[in-house]
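Engineer: Sharing a structure here in structure tokens format.
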Amino acid sequence: MHIVEMQDITKRFGPVIANDGIVFGLRWGEIHALLGENGAGKTTLMRILYGLYRADDGEIWVEGQLARIASPKDAIELGIGMVTQHFALVPPLSVAENVVLGFTDSFRLDMASIEQRVAESAARFGLEISPATQVRHLSVGQKQRVEILKALYREARVLILDEPTAVLIPQEVEALFHTLERLRESGLSVIFITHKLDEVMAISDRVTVLRDGKVIGTVNTSETTKRELARMMVGRETFGVCREEEQTGIEPILQIEGLCVTNDQGLPALKEVTLTVHAREILGIAGVGGNGQKELAETLCGVRRPSGGRVLVGGQDMTGAIPAEFTAAGVGRIPEDRHTGVVGELSVAENLALEHLREFARGGVLDRQAIQRHAQELIQQFQIKARPTDRTRTLSGGNLQKLILARVLSRQPRTVIAPQPTRGLDVGATEYVRNQLLQQRARGAAVLLISEDLDEILALADRIAVIYEGEIVGVLPACDADIEQLGLMMSGAVKERQGVIPGA
Ligand SMILES: Nc1ncnc2c1ncn2[C@@H]1O[C@H](COP(=O)(O)OP(=O)(O)OP(=O)(O)O)[C@@H](O)[C@H]1O
Ligand SMILES: [Mg+2]
């Protein structure tokens, strides 16, 4: 009945037991969600199944046979495919070329017939993509489709997806779910890693929950609830941030006036955006992804130059300043892509000292001990599960985010720019990050929270600005916000004109 059985899998990384006697069974034709907090061991288990890691102990059975999986090549031969979080595509090649790359014996590729085959399976599984397009022109969501097609072309019967929705906008998530349903209909088995309980409930047949490297349980999705899953994940029941109901400040800290910005294609991304964030205030920017949020965050930290308008921080005109000047003016940015925020090959301590190395220099020489001490303190204060000497690339997603928060927030910035700060984080880490943002507010900082997650905006923001096609279509106090109206504004159906605080 099981296409894959993993028995008593154990994997250690030095003193860390990432997988501790794991038993996991995947049925034919099911969508099986793998759930667990950051660092629970999900990616490790799947990397073992796909041959990227060797287990220290345990057995893997595939279709009733004991399997020896020493490399992805072995896994692929057994019909196992994996779409990882970092795509391995060749940008100048076409979709079809990427799909067949490394998987063809013939010297002369018959591109026309390959393109046709790729187009057929794309159409069959609802993976909208044109086979002749160069991969470098594709969005993240489209690249993911190419990776899925690659696995299907290699005749995968088991498809592993590691947090596939973390990089997708809501519409793309829906399309992915359609694809997964069609794959299931055609008999494939899917392992789906996610942190989002809504997604587990929406798409999976069964769920396995991991905690601290161990299996807590496997349950039928139809017989469980989000609450029960959350409890299995963290061993306790209640979540949520505790919000201090204090008066927001009146002192404007971050002032954006008539800001115009163009995107990478040279098209207008922001059209005369005017917003003010006050001390002791969280201003939430709500909107569907791709409506100018990325460009806004980039402009507010000097990564992108505006084509018009002004940006003031604490009254100081920062329009067109470079990132280092923004940092010096007290702007802390939590980068949207965590992997660009750190240098994976450096240690945790080095990454924590990055951006202000000068403070650790003595007579032109770096004081290594001071860097270690500083790291030790921040690790404790921000509850990062890592040692100062660990290579940063070995950290789990949640711990990576904590590291970045530690680096940014320990500087006590006057204003915090937080684009999608909890994307890809589990319930516990999400709660942690949200509490950190509330603490920044309590300390007196002006926080700009950019999020596609309406629940997050409603939980944290004092005021909500809705962005649509590069324009602010309304600003309202969070206490007056009605979720349906916000949804309509986000879809561009309604412009809130009443209740817009002029110049706010
Ligand atoms: N290559 C590695 N070297 C050292 N430690 C590692 C390595 N890969 C993972 N770990 C450690 O193993 C544990 C499990 O990590 P894993 O990446 O499997 O967690 P995860 O459940 O996928 O977390 P997330 O939800 O954050 O992606 C963590 O403590 C992590 O730091
Ligand atoms: Mg992972």
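Scheme for the structure tokens: letters A, B, ... for chains in order shown; per-chain residue numbers from 1; ligand numbers from 1 in order shown.
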Identify, on the basis of only C-alpha atoms, every residue whose closest approach to A:Arg423 does not exceed 12 Å; exclude the query and any residue fewer than 4 positions from it along the same chain; express the result as a ChimeraX atom specification.
Structural biologist: /A:163-169,194-196,334-338,397-398,401,418-419,427,429-431,433-434,450-453,456
Engineer: With only C-alpha atoms as the counted atoms, please give the residues lying no more than 6 Å from A:Gly81, apart from itself and same-chain residues fewer than 3 positions off, as a list in words.
Structural biologist: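 Surrounding residues, per the criterion: Ile76, Ala151, Ala156 and Leu159 of chain A.
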Engineer: Write to file, as a tab-separated table (two decimals), in the first residue's frame, the residues of the selection just made, with C-alpha atoms.
Structural biologist:
chain	number	residue	atom	x	y	z
A	76	ILE	CA	15.29	9.61	-10.06
A	151	ALA	CA	10.50	15.75	-12.53
A	156	ALA	CA	8.60	10.64	-11.28
A	159	LEU	CA	7.10	14.24	-6.21
Engineer: Please return as a PDB file with C-alpha atoms, in the first residue's frame the residues found within 12 Å of ligand 2, counting only C-alpha atoms and all ligand atoms.
Structural biologist:
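Writing done, so here's out.pdb:
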ATOM      1  CA  ALA A  18      18.102  16.361  12.709  1.00  0.00           C
ATOM      2  CA  LEU A  34       4.947  17.256   6.111  1.00  0.00           C
ATOM      3  CA  LEU A  35       4.528  19.750   8.894  1.00  0.00           C
ATOM      4  CA  GLY A  36       6.789  21.006  11.664  1.00  0.00           C
ATOM      5  CA  GLU A  37       8.441  24.039  13.116  1.00  0.00           C
ATOM      6  CA  ASN A  38      11.608  25.529  11.688  1.00  0.00           C
ATOM      7  CA  GLY A  39      14.432  23.096  12.309  1.00  0.00           C
ATOM      8  CA  ALA A  40      12.102  20.124  12.948  1.00  0.00           C
ATOM      9  CA  GLY A  41      13.941  18.065  10.307  1.00  0.00           C
ATOM     10  CA  LYS A  42      11.571  18.126   7.301  1.00  0.00           C
ATOM     11  CA  THR A  43      14.082  19.197   4.666  1.00  0.00           C
ATOM     12  CA  THR A  44      16.693  16.801   6.028  1.00  0.00           C
ATOM     13  CA  LEU A  45      14.307  13.842   5.769  1.00  0.00           C
ATOM     14  CA  MET A  46      13.397  14.707   2.193  1.00  0.00           C
ATOM     15  CA  ARG A  47      17.019  15.291   1.207  1.00  0.00           C
ATOM     16  CA  THR A  84      13.867  22.219  -3.781  1.00  0.00           C
ATOM     17  CA  GLN A  85      13.648  25.797  -2.591  1.00  0.00           C
ATOM     18  CA  HIS A  86      16.546  26.814  -4.801  1.00  0.00           C
ATOM     19  CA  LEU A 161       7.937  19.784  -2.920  1.00  0.00           C
ATOM     20  CA  ASP A 162       9.845  21.681  -0.215  1.00  0.00           C
ATOM     21  CA  GLU A 163       7.796  24.720   0.795  1.00  0.00           C
ATOM     22  CA  PRO A 164       6.607  25.351  -2.752  1.00  0.00           C
ATOM     23  CA  ALA A 166       6.630  30.182   0.152  1.00  0.00           C
ATOM     24  CA  PHE A 192       4.266  18.649   0.368  1.00  0.00           C
ATOM     25  CA  ILE A 193       6.232  20.602   2.977  1.00  0.00           C
ATOM     26  CA  THR A 194       4.537  23.706   4.307  1.00  0.00           C
ATOM     27  CA  HIS A 195       4.082  25.789   7.431  1.00  0.00           C
ATOM     28  CA  LEU A 210       7.676  16.384  13.019  1.00  0.00           C
ATOM     29  CA  GLY A 213      13.594  15.444  14.627  1.00  0.00           C
ATOM     30  CA  ARG A 393      23.961  28.057   5.314  1.00  0.00           C
ATOM     31  CA  THR A 394      23.210  25.142   7.649  1.00  0.00           C
ATOM     32  CA  LEU A 395      20.596  27.149   9.589  1.00  0.00           C
ATOM     33  CA  SER A 396      16.923  26.382   9.100  1.00  0.00           C
ATOM     34  CA  GLY A 397      14.681  29.053   7.583  1.00  0.00           C
ATOM     35  CA  GLY A 398      13.325  30.253  10.911  1.00  0.00           C
ATOM     36  CA  ASN A 399      16.714  30.529  12.524  1.00  0.00           C
ATOM     37  CA  LEU A 400      18.060  32.397   9.529  1.00  0.00           C
ATOM     38  CA  GLY A 424       7.999  30.720   5.067  1.00  0.00           C
ATOM     39  CA  LEU A 425       8.135  30.694   8.852  1.00  0.00           C
ATOM     40  CA  ASP A 426       6.335  28.232  11.082  1.00  0.00           C
TER      41      ASP A 426
END
Engineer: May I have the residues within 8 Å of stretch 144-150 of chain A as a list in words, using only C-alpha atoms and disregarding those fewer than 5 positions away in the same chain?
Structural biologist: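 In the requested form, the answer reads Val83, Phe87, Leu89, Val95, Asn98, Val99, Val100, Val118, Ser121, Ala122, Leu127, Glu128, Ile129 and Pro164 of chain A.
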Engineer: Using DSSP on the backbone coordinates, identify the residues of stretch 44-147 of chain A assigned to strand (DSSP E); present them as a PyMOL selection string.
Structural biologist: chain A and resi 57-62+65-67+80-83
Engineer: Mind writing the picked residues with N, CA and C atoms as a compact mmCIF listing (two decimals), in the first residue's frame?
Structural biologist:
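File out.txt, as written:
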# COMPACT_ATOMS: atom_id res chain seq x y z
N ASP A 57 21.43 6.01 9.79
CA ASP A 57 20.78 4.77 10.19
C ASP A 57 19.41 4.69 9.52
N GLY A 58 18.89 3.49 9.36
CA GLY A 58 17.53 3.34 8.85
C GLY A 58 17.51 2.80 7.43
N GLU A 59 16.30 2.46 6.98
CA GLU A 59 16.12 1.87 5.66
C GLU A 59 15.05 2.62 4.87
N ILE A 60 15.20 2.61 3.56
CA ILE A 60 14.17 3.17 2.68
C ILE A 60 13.70 2.06 1.75
N TRP A 61 12.40 1.88 1.70
CA TRP A 61 11.80 0.90 0.79
C TRP A 61 10.98 1.65 -0.25
N VAL A 62 11.20 1.33 -1.52
CA VAL A 62 10.43 1.96 -2.58
C VAL A 62 9.74 0.87 -3.38
N GLN A 65 10.65 -2.67 -2.46
CA GLN A 65 12.04 -3.13 -2.54
C GLN A 65 12.92 -2.26 -1.64
N LEU A 66 13.88 -2.89 -0.99
CA LEU A 66 14.86 -2.13 -0.22
C LEU A 66 15.69 -1.29 -1.21
N ALA A 67 15.76 0.01 -0.97
CA ALA A 67 16.41 0.90 -1.93
C ALA A 67 17.75 1.41 -1.40
N ILE A 80 11.62 9.01 -8.02
CA ILE A 80 11.43 10.05 -7.01
C ILE A 80 12.00 11.36 -7.53
N GLY A 81 11.18 12.42 -7.52
CA GLY A 81 11.64 13.74 -7.97
C GLY A 81 11.47 14.74 -6.85
N MET A 82 12.32 15.77 -6.83
CA MET A 82 12.20 16.76 -5.76
C MET A 82 12.37 18.16 -6.34
N VAL A 83 11.47 19.06 -5.93
CA VAL A 83 11.61 20.47 -6.27
C VAL A 83 12.07 21.17 -5.00
Engineer: Quick one: everything within 9 Å of stretch 283-291 of chain A, counting only C-alpha atoms, minus sequence neighbours fewer than 5 positions away in the same chain. Send it as a PyMOL selection string.
Structural biologist: chain A and resi 168-170+269-270+276-278+446-454+456-458+460-472+478+486-487+489-491
Engineer: Keeping only C-alpha atoms, take the residues you just selected and write them out as an mmCIF file, in the first residue's frame.
Structural biologist:
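So the final result, stored in selection.cif, reads:
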data_model
loop_
_atom_site.group_PDB
_atom_site.id
_atom_site.type_symbol
_atom_site.label_atom_id
_atom_site.label_comp_id
_atom_site.auth_asym_id
_atom_site.auth_seq_id
_atom_site.Cartn_x
_atom_site.Cartn_y
_atom_site.Cartn_z
ATOM 1 C CA LEU A 168 4.229 32.081 -4.686
ATOM 2 C CA ILE A 169 1.578 34.773 -4.762
ATOM 3 C CA PRO A 170 -1.964 33.649 -3.814
ATOM 4 C CA ALA A 269 5.749 50.579 -10.153
ATOM 5 C CA LEU A 270 4.791 53.307 -7.684
ATOM 6 C CA THR A 276 3.688 58.848 6.868
ATOM 7 C CA VAL A 277 4.753 56.441 9.594
ATOM 8 C CA HIS A 278 4.883 57.904 13.082
ATOM 9 C CA ALA A 446 8.160 53.590 13.279
ATOM 10 C CA VAL A 447 7.446 50.254 11.623
ATOM 11 C CA LEU A 448 6.397 49.822 8.006
ATOM 12 C CA LEU A 449 4.966 46.330 7.653
ATOM 13 C CA ILE A 450 4.454 45.125 4.094
ATOM 14 C CA SER A 451 2.512 41.888 3.975
ATOM 15 C CA GLU A 452 0.279 39.886 1.681
ATOM 16 C CA ASP A 453 -1.159 38.186 4.724
ATOM 17 C CA LEU A 454 -4.216 40.132 5.750
ATOM 18 C CA GLU A 456 -0.910 39.543 9.846
ATOM 19 C CA ILE A 457 -1.734 43.131 8.950
ATOM 20 C CA LEU A 458 -4.890 43.044 11.061
ATOM 21 C CA LEU A 460 -0.218 44.101 14.041
ATOM 22 C CA ALA A 461 -0.997 47.332 12.258
ATOM 23 C CA ASP A 462 -2.335 50.521 13.797
ATOM 24 C CA ARG A 463 -3.268 51.818 10.388
ATOM 25 C CA ILE A 464 -3.655 49.999 7.102
ATOM 26 C CA ALA A 465 -2.789 51.350 3.675
ATOM 27 C CA VAL A 466 -3.950 49.329 0.683
ATOM 28 C CA ILE A 467 -1.746 49.282 -2.395
ATOM 29 C CA TYR A 468 -3.054 48.419 -5.834
ATOM 30 C CA GLU A 469 -1.137 48.793 -9.080
ATOM 31 C CA GLY A 470 1.390 51.074 -7.460
ATOM 32 C CA GLU A 471 -1.168 53.401 -5.909
ATOM 33 C CA ILE A 472 -2.340 53.746 -2.355
ATOM 34 C CA ALA A 478 -7.027 49.113 11.788
ATOM 35 C CA LEU A 486 -10.039 45.445 2.440
ATOM 36 C CA GLY A 487 -10.278 42.471 0.096
ATOM 37 C CA MET A 489 -9.770 47.371 -2.186
ATOM 38 C CA MET A 490 -6.883 44.968 -2.703
ATOM 39 C CA SER A 491 -8.504 43.643 -5.849
#
Engineer: Do you have the atom CA of A:Ala324-atom CA of A:His374 distance handy?
Structural biologist: 21.4 Å
Engineer: Restricting the calculation to only C-alpha atoms, which member of A:Arg411, A:His178, A:Arg157, A:Arg280 is positioned closest to A:Ile250?
Structural biologist: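 Counting only C-alpha atoms, the residue closest to A:Ile250 is A:Arg280.
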Engineer: For atom CA of A:Thr340 and atom CA of A:Tyr53, determine how far apart the two atoms are, in Å to one decimal place.
Structural biologist: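 Separation between atom CA of A:Thr340 and atom CA of A:Tyr53: 24.4 Å.
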Engineer: Compare A:Pro306, A:Gly102, A:Gly444, A:Gly14 by their minimum atom-to-atom distance to A:Gly320, counting only C-alpha atoms, and give me the closest one.
Structural biologist: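 Using only C-alpha atoms, the shortest distance to A:Gly320 belongs to A:Pro306.
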